[in-house]
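Coordinates from entry_15.cif are shown below (mmCIF, C-alpha atoms and all ligand atoms).
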data_target
loop_
_atom_site.label_atom_id
_atom_site.label_comp_id
_atom_site.auth_asym_id
_atom_site.auth_seq_id
_atom_site.Cartn_x
_atom_site.Cartn_y
_atom_site.Cartn_z
CA MET A 1 1.17 2.04 34.30
CA LYS A 2 -1.38 -0.29 32.69
CA VAL A 3 -3.03 0.56 29.39
CA LEU A 4 -5.99 -1.31 27.92
CA VAL A 5 -6.15 -1.31 24.11
CA ILE A 6 -9.56 -1.82 22.50
CA ASN A 7 -10.35 -2.58 18.86
CA ALA A 8 -14.13 -2.69 18.46
CA GLY A 9 -15.63 -4.08 15.25
CA SER A 10 -19.20 -4.76 14.20
CA SER A 11 -19.55 -8.02 16.11
CA SER A 12 -16.31 -8.32 18.02
CA ILE A 13 -14.05 -6.53 20.48
CA LYS A 14 -10.32 -7.34 20.57
CA TYR A 15 -8.38 -6.23 23.62
CA GLN A 16 -4.85 -6.23 25.02
CA LEU A 17 -3.70 -5.10 28.44
CA TYR A 18 -0.20 -3.60 28.38
CA GLY A 19 2.28 -2.87 31.14
CA MET A 20 3.99 0.40 30.18
CA PRO A 21 6.56 1.72 29.48
CA GLY A 22 7.97 -1.73 28.62
CA ALA A 23 4.96 -2.59 26.41
CA GLU A 24 4.64 -5.98 28.06
CA VAL A 25 1.42 -7.80 27.07
CA LEU A 26 -0.19 -8.77 30.38
CA ALA A 27 -3.32 -10.31 28.87
CA LYS A 28 -5.22 -10.28 25.61
CA GLY A 29 -8.32 -11.67 24.03
CA LEU A 30 -11.34 -11.34 21.88
CA VAL A 31 -15.10 -11.30 22.37
CA GLU A 32 -16.68 -12.51 19.16
CA ARG A 33 -20.14 -12.96 17.69
CA ILE A 34 -21.54 -10.20 19.92
CA GLY A 35 -25.34 -10.19 19.74
CA GLU A 36 -25.56 -13.82 18.68
CA PRO A 37 -26.47 -16.73 20.96
CA THR A 38 -23.10 -18.36 20.22
CA SER A 39 -20.96 -15.44 21.40
CA ARG A 40 -17.82 -16.20 23.37
CA LEU A 41 -14.70 -14.76 24.88
CA VAL A 42 -11.22 -16.12 24.21
CA HIS A 43 -8.80 -14.82 26.82
CA SER A 44 -5.10 -15.50 27.15
CA ARG A 45 -2.41 -14.64 29.62
CA GLY A 46 1.08 -15.80 28.84
CA ASP A 47 0.79 -19.42 27.70
CA ASP A 48 -2.59 -19.95 29.38
CA SER A 49 -5.78 -19.41 27.50
CA ALA A 50 -9.43 -19.92 28.31
CA ILE A 51 -12.65 -19.85 26.35
CA LEU A 52 -15.82 -18.58 27.98
CA GLU A 53 -19.01 -19.36 26.08
CA GLU A 54 -21.64 -16.92 27.19
CA ALA A 55 -24.36 -14.91 25.47
CA VAL A 56 -23.09 -11.36 25.04
CA ALA A 57 -25.98 -9.12 24.03
CA ASN A 58 -24.10 -5.99 22.95
CA HIS A 59 -20.80 -4.10 23.10
CA GLU A 60 -21.60 -2.79 26.57
CA ALA A 61 -21.98 -6.37 27.85
CA ALA A 62 -18.79 -7.34 26.01
CA MET A 63 -16.81 -4.59 27.77
CA GLU A 64 -18.26 -5.70 31.08
CA LEU A 65 -17.19 -9.28 30.39
CA ILE A 66 -13.65 -8.23 29.41
CA LEU A 67 -13.23 -6.19 32.59
CA ARG A 68 -14.69 -9.01 34.69
CA VAL A 69 -12.18 -11.49 33.26
CA LEU A 70 -9.28 -9.10 33.87
CA VAL A 71 -10.11 -8.69 37.58
CA GLN A 72 -11.44 -12.18 38.36
CA PRO A 73 -9.75 -13.89 41.34
CA GLY A 74 -6.26 -14.85 40.24
CA GLY A 75 -6.74 -12.55 37.22
CA THR A 76 -4.32 -10.09 35.67
CA ILE A 77 -5.19 -7.13 37.89
CA GLU A 78 -6.77 -6.78 41.31
CA ASP A 79 -8.76 -3.66 40.70
CA LEU A 80 -10.01 -1.79 37.64
CA SER A 81 -8.41 1.39 38.98
CA GLU A 82 -5.06 -0.14 37.93
CA ILE A 83 -6.05 0.60 34.31
CA GLU A 84 -4.85 4.18 33.92
CA ALA A 85 -5.65 4.68 30.25
CA VAL A 86 -7.66 3.06 27.47
CA GLY A 87 -6.48 3.31 23.86
CA HIS A 88 -9.05 2.84 21.08
CA ARG A 89 -8.47 2.08 17.44
CA VAL A 90 -10.63 4.40 15.36
CA VAL A 91 -10.67 3.98 11.60
CA HIS A 92 -11.53 7.47 10.32
CA GLY A 93 -10.29 10.77 11.70
CA GLY A 94 -10.98 12.77 8.54
CA GLU A 95 -8.68 15.72 7.98
CA GLU A 96 -8.99 16.78 11.61
CA PHE A 97 -6.86 14.29 13.51
CA THR A 98 -3.20 14.23 12.57
CA GLY A 99 -2.28 12.10 15.60
CA SER A 100 -3.75 10.36 18.61
CA VAL A 101 -5.81 12.42 21.07
CA ILE A 102 -7.44 12.17 24.47
CA ILE A 103 -11.15 11.73 23.88
CA ASP A 104 -13.50 14.49 25.00
CA ASP A 105 -16.97 15.54 23.81
CA ARG A 106 -15.51 17.41 20.84
CA VAL A 107 -13.50 14.35 19.73
CA LEU A 108 -16.55 12.12 20.14
CA ALA A 109 -18.62 14.48 17.98
CA SER A 110 -15.94 14.44 15.26
CA ILE A 111 -15.68 10.63 15.24
CA GLU A 112 -19.46 10.57 14.87
CA ARG A 113 -19.29 13.08 12.00
CA PHE A 114 -16.65 10.99 10.19
CA ALA A 115 -18.91 7.92 10.40
CA GLU A 116 -20.33 9.21 7.14
CA LEU A 117 -16.93 8.51 5.56
CA ALA A 118 -16.46 5.12 7.29
CA PRO A 119 -19.96 3.75 7.89
CA LEU A 120 -18.70 0.19 8.38
CA HIS A 121 -16.19 1.11 11.07
CA ASN A 122 -16.55 4.39 12.98
CA PRO A 123 -20.00 3.60 14.44
CA HIS A 124 -18.63 0.36 15.97
CA ASN A 125 -15.50 2.11 17.22
CA LEU A 126 -17.76 4.70 18.86
CA VAL A 127 -19.90 2.07 20.56
CA GLY A 128 -16.69 0.56 21.98
CA ILE A 129 -15.49 3.96 23.22
CA ARG A 130 -18.82 4.79 24.85
CA ALA A 131 -19.03 1.38 26.54
CA ALA A 132 -15.46 1.78 27.89
CA MET A 133 -16.23 5.33 29.08
CA ARG A 134 -19.23 4.10 31.03
CA LYS A 135 -17.49 1.07 32.53
CA LEU A 136 -14.27 2.91 33.33
CA ALA A 137 -15.64 6.35 34.14
CA GLY A 138 -12.87 8.80 34.94
CA THR A 139 -10.17 6.79 33.15
CA PRO A 140 -8.69 8.79 30.24
CA GLN A 141 -9.59 7.35 26.85
CA VAL A 142 -7.39 7.89 23.81
CA ALA A 143 -8.33 7.60 20.13
CA CYS A 144 -5.73 6.40 17.63
CA PHE A 145 -6.82 6.90 14.01
CA ASP A 146 -5.96 4.71 10.98
CA THR A 147 -5.98 7.84 8.85
CA ALA A 148 -3.81 10.07 11.07
CA PHE A 149 -0.38 9.04 9.76
CA HIS A 150 -1.47 9.87 6.22
CA THR A 151 -2.63 13.43 6.96
CA SER A 152 0.88 14.55 6.00
CA ILE A 153 0.27 13.49 2.37
CA PRO A 154 0.51 16.68 0.29
CA LYS A 155 -2.40 17.95 -1.73
CA VAL A 156 -0.79 16.98 -5.04
CA ALA A 157 -1.05 13.33 -3.92
CA HIS A 158 -4.23 13.35 -1.88
CA MET A 159 -6.50 15.11 -4.37
CA TYR A 160 -8.34 13.26 -7.13
CA ALA A 161 -8.55 14.91 -10.54
CA LEU A 162 -12.32 15.22 -10.14
CA PRO A 163 -14.14 18.57 -10.06
CA TYR A 164 -12.62 20.52 -7.16
CA GLU A 165 -16.03 21.23 -5.69
CA LEU A 166 -16.40 17.54 -4.76
CA TYR A 167 -13.55 18.08 -2.33
CA GLU A 168 -14.96 21.38 -1.08
CA ARG A 169 -18.50 20.12 -0.66
CA HIS A 170 -18.05 16.46 0.23
CA ARG A 171 -14.41 16.17 1.27
CA VAL A 172 -13.79 13.62 -1.49
CA ARG A 173 -10.02 13.00 -1.37
CA ARG A 174 -7.48 10.29 -0.56
CA TYR A 175 -7.39 9.56 3.19
CA GLY A 176 -5.47 6.29 3.31
CA PHE A 177 -5.77 3.62 6.01
CA HIS A 178 -3.55 1.19 7.98
CA GLY A 179 -1.73 4.35 9.16
CA THR A 180 -0.92 2.97 12.60
CA SER A 181 0.73 -0.05 11.00
CA HIS A 182 2.70 1.97 8.42
CA ARG A 183 3.90 4.32 11.18
CA TYR A 184 4.84 1.42 13.49
CA VAL A 185 6.91 -0.42 10.87
CA ALA A 186 8.53 2.80 9.61
CA ARG A 187 9.64 3.57 13.19
CA ARG A 188 10.87 0.00 13.71
CA ALA A 189 12.74 0.12 10.38
CA ALA A 190 14.52 3.31 11.51
CA ALA A 191 15.45 1.62 14.79
CA MET A 192 16.71 -1.52 12.98
CA LEU A 193 18.88 0.59 10.69
CA GLY A 194 20.13 2.79 13.52
CA ARG A 195 18.56 5.93 12.01
CA ASP A 196 16.51 8.71 13.52
CA LYS A 197 12.81 8.12 12.83
CA TYR A 198 12.59 11.43 10.95
CA ASP A 199 15.60 10.56 8.84
CA LEU A 200 14.32 7.54 6.94
CA ASN A 201 12.81 7.15 3.48
CA ALA A 202 10.87 3.91 3.22
CA ILE A 203 8.26 2.11 1.19
CA THR A 204 6.10 0.18 3.64
CA CYS A 205 3.96 -2.68 2.30
CA HIS A 206 1.13 -3.78 4.60
CA LEU A 207 -0.09 -7.01 3.01
CA GLY A 208 -2.85 -8.73 4.98
CA ASN A 209 -6.48 -9.34 4.08
CA GLY A 210 -6.59 -5.66 3.35
CA CYS A 211 -3.43 -4.38 1.64
CA SER A 212 -1.89 -0.95 1.30
CA ILE A 213 1.50 0.52 0.56
CA ALA A 214 2.90 3.85 1.71
CA ALA A 215 5.72 6.15 0.64
CA VAL A 216 7.38 7.54 3.77
CA ARG A 217 9.72 10.51 3.36
CA LYS A 218 11.75 11.53 6.43
CA GLY A 219 9.39 9.57 8.66
CA ARG A 220 6.18 11.05 7.25
CA SER A 221 3.67 9.51 4.88
CA VAL A 222 3.71 11.32 1.52
CA ASP A 223 1.52 8.91 -0.45
CA THR A 224 -0.47 5.74 0.05
CA SER A 225 -2.40 3.35 -2.15
CA MET A 226 -5.75 3.22 -0.31
CA GLY A 227 -7.87 6.23 -1.08
CA PHE A 228 -11.24 7.71 -0.16
CA THR A 229 -12.09 4.19 1.01
CA PRO A 230 -9.93 1.07 1.47
CA LEU A 231 -10.95 -0.17 -1.99
CA GLU A 232 -8.25 1.58 -4.01
CA GLY A 233 -4.74 0.37 -4.71
CA LEU A 234 -3.34 -3.11 -4.30
CA VAL A 235 -5.04 -6.42 -5.08
CA MET A 236 -6.46 -7.60 -1.73
CA GLY A 237 -8.18 -10.70 -0.34
CA THR A 238 -11.59 -9.74 -1.70
CA ARG A 239 -11.11 -6.13 -2.90
CA ALA A 240 -10.19 -5.27 -6.46
CA GLY A 241 -7.84 -2.37 -5.81
CA ASP A 242 -7.20 -0.16 -8.86
CA PHE A 243 -9.40 -0.63 -11.90
CA ASP A 244 -11.10 1.56 -14.46
CA PRO A 245 -14.20 3.05 -12.77
CA ALA A 246 -15.92 3.15 -16.16
CA ILE A 247 -16.35 -0.63 -15.77
CA LEU A 248 -18.97 0.24 -13.14
CA PHE A 249 -20.91 2.49 -15.54
CA TYR A 250 -20.76 -0.26 -18.14
CA LEU A 251 -22.07 -2.86 -15.68
CA ALA A 252 -24.76 -0.44 -14.41
CA ASP A 253 -25.93 -0.18 -17.98
CA LYS A 254 -26.22 -3.96 -18.01
CA GLY A 255 -28.52 -3.83 -14.96
CA TYR A 256 -26.14 -4.20 -12.02
CA ASP A 257 -27.44 -2.08 -9.14
CA LEU A 258 -25.34 -0.12 -6.63
CA ALA A 259 -25.46 -2.72 -3.86
CA ARG A 260 -24.37 -5.45 -6.26
CA LEU A 261 -21.51 -3.37 -7.64
CA ASN A 262 -20.38 -2.50 -4.12
CA GLY A 263 -20.40 -6.18 -3.09
CA LEU A 264 -18.62 -7.13 -6.29
CA CYS A 265 -15.72 -4.71 -5.79
CA ASN A 266 -15.30 -5.14 -2.03
CA LYS A 267 -16.27 -8.73 -1.32
CA LYS A 268 -15.97 -10.77 -4.49
CA SER A 269 -12.86 -9.45 -6.21
CA GLY A 270 -9.15 -9.55 -5.46
CA LEU A 271 -7.48 -12.89 -4.79
CA LEU A 272 -10.89 -14.55 -4.37
CA GLY A 273 -12.33 -13.11 -7.56
CA ILE A 274 -9.38 -14.07 -9.74
CA SER A 275 -8.70 -17.52 -8.28
CA GLY A 276 -12.33 -18.49 -7.72
CA VAL A 277 -10.96 -20.53 -4.82
CA SER A 278 -10.05 -18.42 -1.80
CA ASN A 279 -9.10 -15.02 -0.46
CA ASP A 280 -6.46 -16.65 1.71
CA MET A 281 -2.86 -16.52 0.44
CA ARG A 282 -1.85 -19.75 2.20
CA THR A 283 -4.63 -21.66 0.44
CA LEU A 284 -3.72 -20.10 -2.90
CA GLU A 285 -0.05 -21.00 -2.50
CA LYS A 286 -1.08 -24.64 -1.98
CA HIS A 287 -3.41 -24.61 -4.98
CA ALA A 288 -0.73 -22.98 -7.14
CA GLU A 289 1.75 -25.67 -6.12
CA ASP A 290 -0.78 -28.27 -7.25
CA GLY A 291 -0.91 -26.60 -10.68
CA ASP A 292 -4.05 -24.46 -10.35
CA GLU A 293 -3.50 -21.83 -13.07
CA ARG A 294 -5.97 -19.29 -11.70
CA ALA A 295 -4.49 -19.49 -8.20
CA LYS A 296 -1.08 -18.87 -9.82
CA LEU A 297 -2.45 -15.92 -11.78
CA ALA A 298 -4.00 -14.43 -8.61
CA ILE A 299 -0.64 -14.60 -6.77
CA GLU A 300 1.23 -13.17 -9.75
CA MET A 301 -1.25 -10.31 -10.15
CA PHE A 302 -1.01 -9.59 -6.42
CA CYS A 303 2.79 -9.33 -6.58
CA TYR A 304 2.80 -7.45 -9.89
CA ARG A 305 0.61 -4.71 -8.39
CA VAL A 306 2.91 -4.37 -5.36
CA ARG A 307 5.94 -4.12 -7.72
CA LYS A 308 4.20 -1.41 -9.72
CA TYR A 309 3.63 0.66 -6.58
CA ILE A 310 7.21 0.12 -5.38
CA GLY A 311 8.31 1.53 -8.75
CA ALA A 312 5.91 4.46 -8.46
CA TYR A 313 6.93 5.27 -4.90
CA SER A 314 10.63 4.99 -5.78
CA ALA A 315 9.90 7.83 -8.20
CA VAL A 316 7.96 9.77 -5.53
CA LEU A 317 10.77 9.54 -2.94
CA ASP A 318 14.13 11.22 -3.53
CA SER A 319 15.87 8.05 -2.41
CA VAL A 320 14.74 4.85 -0.75
CA ASP A 321 16.51 3.47 2.33
CA ALA A 322 14.20 0.53 2.99
CA VAL A 323 11.32 -1.52 1.65
CA VAL A 324 9.36 -3.05 4.51
CA PHE A 325 7.04 -6.06 4.31
CA THR A 326 4.40 -6.49 7.01
CA GLY A 327 0.88 -7.92 7.55
CA GLY A 328 0.00 -11.63 7.48
CA ILE A 329 1.21 -12.06 3.89
CA GLY A 330 4.13 -9.61 4.00
CA GLU A 331 5.49 -11.14 7.18
CA ASN A 332 5.00 -14.79 6.28
CA SER A 333 5.05 -15.36 2.55
CA ALA A 334 8.60 -15.75 1.21
CA LEU A 335 7.05 -16.45 -2.20
CA VAL A 336 5.22 -13.11 -2.33
CA ARG A 337 8.35 -11.20 -1.28
CA GLU A 338 10.40 -13.07 -3.88
CA LEU A 339 7.94 -12.50 -6.76
CA THR A 340 7.52 -8.85 -5.76
CA CYS A 341 11.23 -8.04 -5.58
CA ARG A 342 12.32 -10.13 -8.56
CA ASP A 343 14.23 -8.08 -11.18
CA LEU A 344 14.16 -4.86 -9.16
CA ALA A 345 17.97 -4.57 -9.10
CA HIS A 346 17.68 -1.44 -11.27
CA LEU A 347 15.91 0.18 -8.29
CA GLY A 348 18.63 -1.05 -5.94
CA ILE A 349 16.45 -3.83 -4.52
CA VAL A 350 18.02 -7.30 -4.36
CA LEU A 351 16.78 -10.08 -2.07
CA ASP A 352 18.95 -12.65 -0.33
CA PRO A 353 17.04 -15.87 -1.13
CA LYS A 354 18.29 -17.67 1.97
CA ALA A 355 17.47 -14.83 4.39
CA ASN A 356 14.11 -14.39 2.67
CA GLY A 357 13.29 -18.07 3.08
CA GLN A 358 14.28 -18.03 6.73
CA ALA A 359 12.54 -14.79 7.82
CA GLY A 360 9.59 -16.75 9.22
CA GLY A 361 7.61 -13.79 10.52
CA ARG A 362 10.43 -12.40 12.68
CA GLU A 363 12.00 -8.94 12.40
CA SER A 364 14.79 -9.46 9.92
CA ALA A 365 16.70 -8.04 6.99
CA VAL A 366 16.17 -10.11 3.85
CA SER A 367 18.15 -8.09 1.30
CA ALA A 368 21.46 -9.18 -0.22
CA SER A 369 24.64 -7.43 0.90
CA GLU A 370 24.91 -5.66 -2.49
CA SER A 371 21.32 -4.32 -2.24
CA ARG A 372 21.36 -0.51 -2.01
CA VAL A 373 17.87 -0.58 -0.50
CA ARG A 374 17.46 -2.65 2.66
CA VAL A 375 14.51 -5.05 2.46
CA LEU A 376 13.04 -5.72 5.89
CA VAL A 377 10.39 -8.04 7.31
CA ILE A 378 8.77 -6.40 10.34
CA PRO A 379 5.75 -7.95 12.07
CA THR A 380 3.29 -5.13 12.61
CA ASN A 381 1.95 -4.33 16.06
CA GLU A 382 -0.81 -1.77 15.89
CA GLU A 383 -1.96 -2.52 19.45
CA GLN A 384 1.48 -1.71 20.82
CA ALA A 385 1.54 1.55 18.88
CA ILE A 386 -1.86 2.48 20.34
CA ALA A 387 -0.68 1.56 23.86
CA ARG A 388 2.42 3.75 23.42
CA ASP A 389 0.35 6.71 22.20
CA ALA A 390 -2.04 6.35 25.16
CA PHE A 391 0.87 6.07 27.56
CA GLU A 392 2.56 9.11 26.08
CA LEU A 393 -0.60 11.21 26.21
CA VAL A 394 -1.87 10.16 29.60
CA GLY A 395 1.47 9.54 31.26
CA GLY A 396 2.45 13.11 30.31
CA LYS A 397 5.54 12.02 28.42
CA SER A 398 4.99 14.29 25.43
CA GLU A 399 8.30 15.78 24.31
CA HIS A 400 6.58 19.00 23.40
CA GLY A 401 4.37 19.18 26.45
CA ALA A 402 1.22 19.91 24.44
CA LYS A 403 -1.33 18.42 26.80
CA GLY A 404 -3.55 15.91 25.11
CA ARG A 405 -1.59 15.81 21.89
CA SER A 406 0.97 13.19 21.01
CA VAL A 407 4.55 13.80 19.94
CA GLU A 408 3.67 12.44 16.51
CA TYR A 409 0.77 14.93 16.35
CA ASP A 410 3.09 17.87 16.85
CA ARG A 411 5.66 16.71 14.33
CA GLN A 412 3.14 16.25 11.53
CA GLU A 413 2.96 18.98 8.95
CA ARG A 414 -0.34 19.97 7.41
P1 LIG B 501 -5.96 -8.92 8.52
O1 LIG B 501 -5.79 -7.92 7.44
O2 LIG B 501 -7.35 -9.50 8.59
O3 LIG B 501 -5.37 -8.53 9.86
P2 LIG B 501 -3.64 -10.64 8.33
O4 LIG B 501 -2.68 -9.52 8.41
O5 LIG B 501 -3.67 -11.62 9.44
O6 LIG B 501 -5.10 -10.18 8.03
O7 LIG B 501 -3.29 -11.43 6.97
C1 LIG B 501 -4.05 -12.50 6.52
C2 LIG B 501 -3.39 -13.07 5.27
O8 LIG B 501 -2.07 -13.51 5.61
C3 LIG B 501 -4.13 -14.25 4.69
O9 LIG B 501 -4.19 -14.12 3.27
C4 LIG B 501 -3.22 -15.41 5.05
O10 LIG B 501 -3.30 -16.48 4.15
C5 LIG B 501 -1.86 -14.76 4.97
N1 LIG B 501 -0.84 -15.57 5.63
C6 LIG B 501 -0.71 -15.84 6.95
N2 LIG B 501 0.34 -16.72 7.16
C7 LIG B 501 0.85 -17.00 5.93
C8 LIG B 501 1.91 -17.81 5.45
N3 LIG B 501 2.66 -18.53 6.29
N4 LIG B 501 2.16 -17.85 4.12
C9 LIG B 501 1.40 -17.12 3.26
N5 LIG B 501 0.39 -16.33 3.64
C10 LIG B 501 0.10 -16.27 4.96
#
If you took the structure in this file and wrote it as structure tokens, what would it be?
Amino acid sequence: MKVLVINAGSSSIKYQLYGMPGAEVLAKGLVERIGEPTSRLVHSRGDDSAILEEAVANHEAAMELILRVLVQPGGTIEDLSEIEAVGHRVVHGGEEFTGSVIIDDRVLASIERFAELAPLHNPHNLVGIRAAMRKLAGTPQVACFDTAFHTSIPKVAHMYALPYELYERHRVRRYGFHGTSHRYVARRAAAMLGRDKYDLNAITCHLGNGCSIAAVRKGRSVDTSMGFTPLEGLVMGTRAGDFDPAILFYLADKGYDLARLNGLCNKKSGLLGISGVSNDMRTLEKHAEDGDERAKLAIEMFCYRVRKYIGAYSAVLDSVDAVVFTGGIGENSALVRELTCRDLAHLGIVLDPKANGQAGGRESAVSASESRVRVLVIPTNEEQAIARDAFELVGGKSEHGAKGRSVEYDRQER
């Protein structure tokens, strides 16, 4: 069975075609700069890749182009009917979606309703879904939500200590994001350690441009650092993460308006704001090596914040079996893993410097033999997780037989 995975953003659509159940990537690519005259498609199949420069007016045209490339003579498939399911990444599923679902009118209406909570993402995800529904009419479409894995976070951790009516009236609470990634690496960690997926306590660190960390108890998320929006928590590429919100009132008093404050916290802070050089960890590592003090400070602050959360989540969990590093930085930066885990022996976390240096973005254990907690590097693969959910839902493989609901959906507790 072939499953097409779609990740639609504001001006791009990423796609991967999977052969299931083996999760073999048959083709993948990206249409970027949609709506601009310079739009293009980058398509790859095995070691071959091709770039098609062509004006793509909107998401509908982008979907058409993707499907055309997949079925072109000598292409990956002969006929579009070979695609038996489409899996879509959707950022916000509110409190409603605790797992992936087959999309129907009710699901579409809910995704639209949650656009209020994720105005930068859900509307684009929806456009992608609608375009795919029109171009592949009759093919089941599945939504996989970034928030779903975190719906198991108990009230004590997902509520803010703001007036309760803000939750009742406006649903102001912690939702968390990157859920598909945290779930994927938690499941992989269980497999690597030979444990059942519901028998693992882990702290999963997703460190990319956006960064979040999750406490996973017995396979379920019980806390995470991103909150009502992705701004809260760790230091990120351009987002501040945790800081005293009263700074905003103080700056408002000095004449900063809402739009400026928003841009400041989301686009001009984090690694970029501290270093003044870049939001990119690779660049900062080079600058730090050359003696740039602010680049060094940015890296140290980044790692310090992750350490703080590992400490907090060690307290939240009864015991910790594994700390997992994933995302572009988590998978690739030995320096970040080293600075983060330094002097954490009292929490049972000890790195093996050689294994850490050699991890090189592959699935590997990087903890020392005496480390009580296993430290793992696991490249994330959100697309594969989406493909598996779509396969499970559409291929009728659900353990519990609840039509249209995934296994993970049924195992989540409210
Ligand atoms: P996104 O959140 O946009 O998916 P990624 O997960 O790809 O981003 O992470 C991007 C980050 O990963 C960037 O800060 C980049 O510098 C960092 N990164 C990628 N490779 C390395 C590396 N070898 N060493 C250090 N940082 C790296």
Counting all atoms listed in the file, which residues of chain A sit at most 9 Å from some atom of ligand LIG 501 (chain B), and what is each one's closest atom pair with its distance in Å to one decimal, listed by chain and rising residue number, as JSON lines?
{"residue": "A:His206", "atom": "CA", "partner": "B:LIG501", "partner_atom": "O4", "distance": 7.9}
{"residue": "A:Leu207", "atom": "CA", "partner": "B:LIG501", "partner_atom": "O4", "distance": 6.5}
{"residue": "A:Gly208", "atom": "CA", "partner": "B:LIG501", "partner_atom": "O7", "distance": 3.4}
{"residue": "A:Asn209", "atom": "CA", "partner": "B:LIG501", "partner_atom": "O1", "distance": 3.7}
{"residue": "A:Gly210", "atom": "CA", "partner": "B:LIG501", "partner_atom": "O1", "distance": 4.7}
{"residue": "A:Cys211", "atom": "CA", "partner": "B:LIG501", "partner_atom": "O1", "distance": 7.2}
{"residue": "A:Met236", "atom": "CA", "partner": "B:LIG501", "partner_atom": "O9", "distance": 8.5}
{"residue": "A:Gly237", "atom": "CA", "partner": "B:LIG501", "partner_atom": "O9", "distance": 6.4}
{"residue": "A:Leu271", "atom": "CA", "partner": "B:LIG501", "partner_atom": "O9", "distance": 8.8}
{"residue": "A:Ser278", "atom": "CA", "partner": "B:LIG501", "partner_atom": "O9", "distance": 8.9}
{"residue": "A:Asn279", "atom": "CA", "partner": "B:LIG501", "partner_atom": "O9", "distance": 6.2}
{"residue": "A:Asp280", "atom": "CA", "partner": "B:LIG501", "partner_atom": "O9", "distance": 3.7}
{"residue": "A:Met281", "atom": "CA", "partner": "B:LIG501", "partner_atom": "O10", "distance": 3.7}
{"residue": "A:Arg282", "atom": "CA", "partner": "B:LIG501", "partner_atom": "O10", "distance": 4.1}
{"residue": "A:Thr283", "atom": "CA", "partner": "B:LIG501", "partner_atom": "O10", "distance": 6.5}
{"residue": "A:Leu284", "atom": "CA", "partner": "B:LIG501", "partner_atom": "O10", "distance": 7.9}
{"residue": "A:Glu285", "atom": "CA", "partner": "B:LIG501", "partner_atom": "C9", "distance": 7.1}
{"residue": "A:Thr326", "atom": "CA", "partner": "B:LIG501", "partner_atom": "O4", "distance": 7.8}
{"residue": "A:Gly327", "atom": "CA", "partner": "B:LIG501", "partner_atom": "O4", "distance": 4.0}
{"residue": "A:Gly328", "atom": "CA", "partner": "B:LIG501", "partner_atom": "O7", "distance": 3.3}
{"residue": "A:Ile329", "atom": "CA", "partner": "B:LIG501", "partner_atom": "O8", "distance": 4.0}
{"residue": "A:Gly330", "atom": "CA", "partner": "B:LIG501", "partner_atom": "O8", "distance": 7.5}
{"residue": "A:Glu331", "atom": "CA", "partner": "B:LIG501", "partner_atom": "C7", "distance": 7.6}
{"residue": "A:Asn332", "atom": "CA", "partner": "B:LIG501", "partner_atom": "C8", "distance": 4.4}
{"residue": "A:Ser333", "atom": "CA", "partner": "B:LIG501", "partner_atom": "C9", "distance": 4.1}
{"residue": "A:Ala334", "atom": "CA", "partner": "B:LIG501", "partner_atom": "N4", "distance": 7.4}
{"residue": "A:Leu335", "atom": "CA", "partner": "B:LIG501", "partner_atom": "C9", "distance": 7.9}
{"residue": "A:Val336", "atom": "CA", "partner": "B:LIG501", "partner_atom": "C9", "distance": 7.9}
{"residue": "A:Gly360", "atom": "CA", "partner": "B:LIG501", "partner_atom": "N3", "distance": 7.7}
{"residue": "A:Gly361", "atom": "CA", "partner": "B:LIG501", "partner_atom": "N3", "distance": 8.1}
{"residue": "A:Thr380", "atom": "CA", "partner": "B:LIG501", "partner_atom": "O4", "distance": 8.5}
Next, write the just-selected residues to a file, as a compact mmCIF listing (two decimals), in the frame of the given file, keeping C-alpha atoms as the atom set.
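Saved the output as selection-v1.txt:
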# COMPACT_ATOMS: atom_id res chain seq x y z
CA HIS A 206 1.13 -3.78 4.60
CA LEU A 207 -0.09 -7.01 3.01
CA GLY A 208 -2.85 -8.73 4.98
CA ASN A 209 -6.48 -9.34 4.08
CA GLY A 210 -6.59 -5.66 3.35
CA CYS A 211 -3.43 -4.38 1.64
CA MET A 236 -6.46 -7.60 -1.73
CA GLY A 237 -8.18 -10.70 -0.34
CA LEU A 271 -7.48 -12.89 -4.79
CA SER A 278 -10.05 -18.42 -1.80
CA ASN A 279 -9.10 -15.02 -0.46
CA ASP A 280 -6.46 -16.65 1.71
CA MET A 281 -2.86 -16.52 0.44
CA ARG A 282 -1.85 -19.75 2.20
CA THR A 283 -4.63 -21.66 0.44
CA LEU A 284 -3.72 -20.10 -2.90
CA GLU A 285 -0.05 -21.00 -2.50
CA THR A 326 4.40 -6.49 7.01
CA GLY A 327 0.88 -7.92 7.55
CA GLY A 328 0.00 -11.63 7.48
CA ILE A 329 1.21 -12.06 3.89
CA GLY A 330 4.13 -9.61 4.00
CA GLU A 331 5.49 -11.14 7.18
CA ASN A 332 5.00 -14.79 6.28
CA SER A 333 5.05 -15.36 2.55
CA ALA A 334 8.60 -15.75 1.21
CA LEU A 335 7.05 -16.45 -2.20
CA VAL A 336 5.22 -13.11 -2.33
CA GLY A 360 9.59 -16.75 9.22
CA GLY A 361 7.61 -13.79 10.52
CA THR A 380 3.29 -5.13 12.61
Quiz item: Got a sec: who's within 12 Å of Phe243 of chain A, counting all atoms listed in the file, leaving out chain neighbours fewer than 2 positions off, as a ChimeraX atom specification?
Solution: /A:231-235,239-241,245-248,265,269-270,305
Self-check item: Answer as number ranges by chain, residues within 10 Å of (-2.1, 14.0, 7.1) using all atoms listed in the file
Solution: A: 93-99, 147-155, 158, 175-176, 179, 220-223, 409, 412-414
Exercise. Would you mind listing what lies within 12 Å of Pro119 of chain A as a ChimeraX atom specification, with only C-alpha atoms counted and same-chain residues fewer than 6 positions away left out?
Key: /A:9-10,90-92,111-113,125-126,229
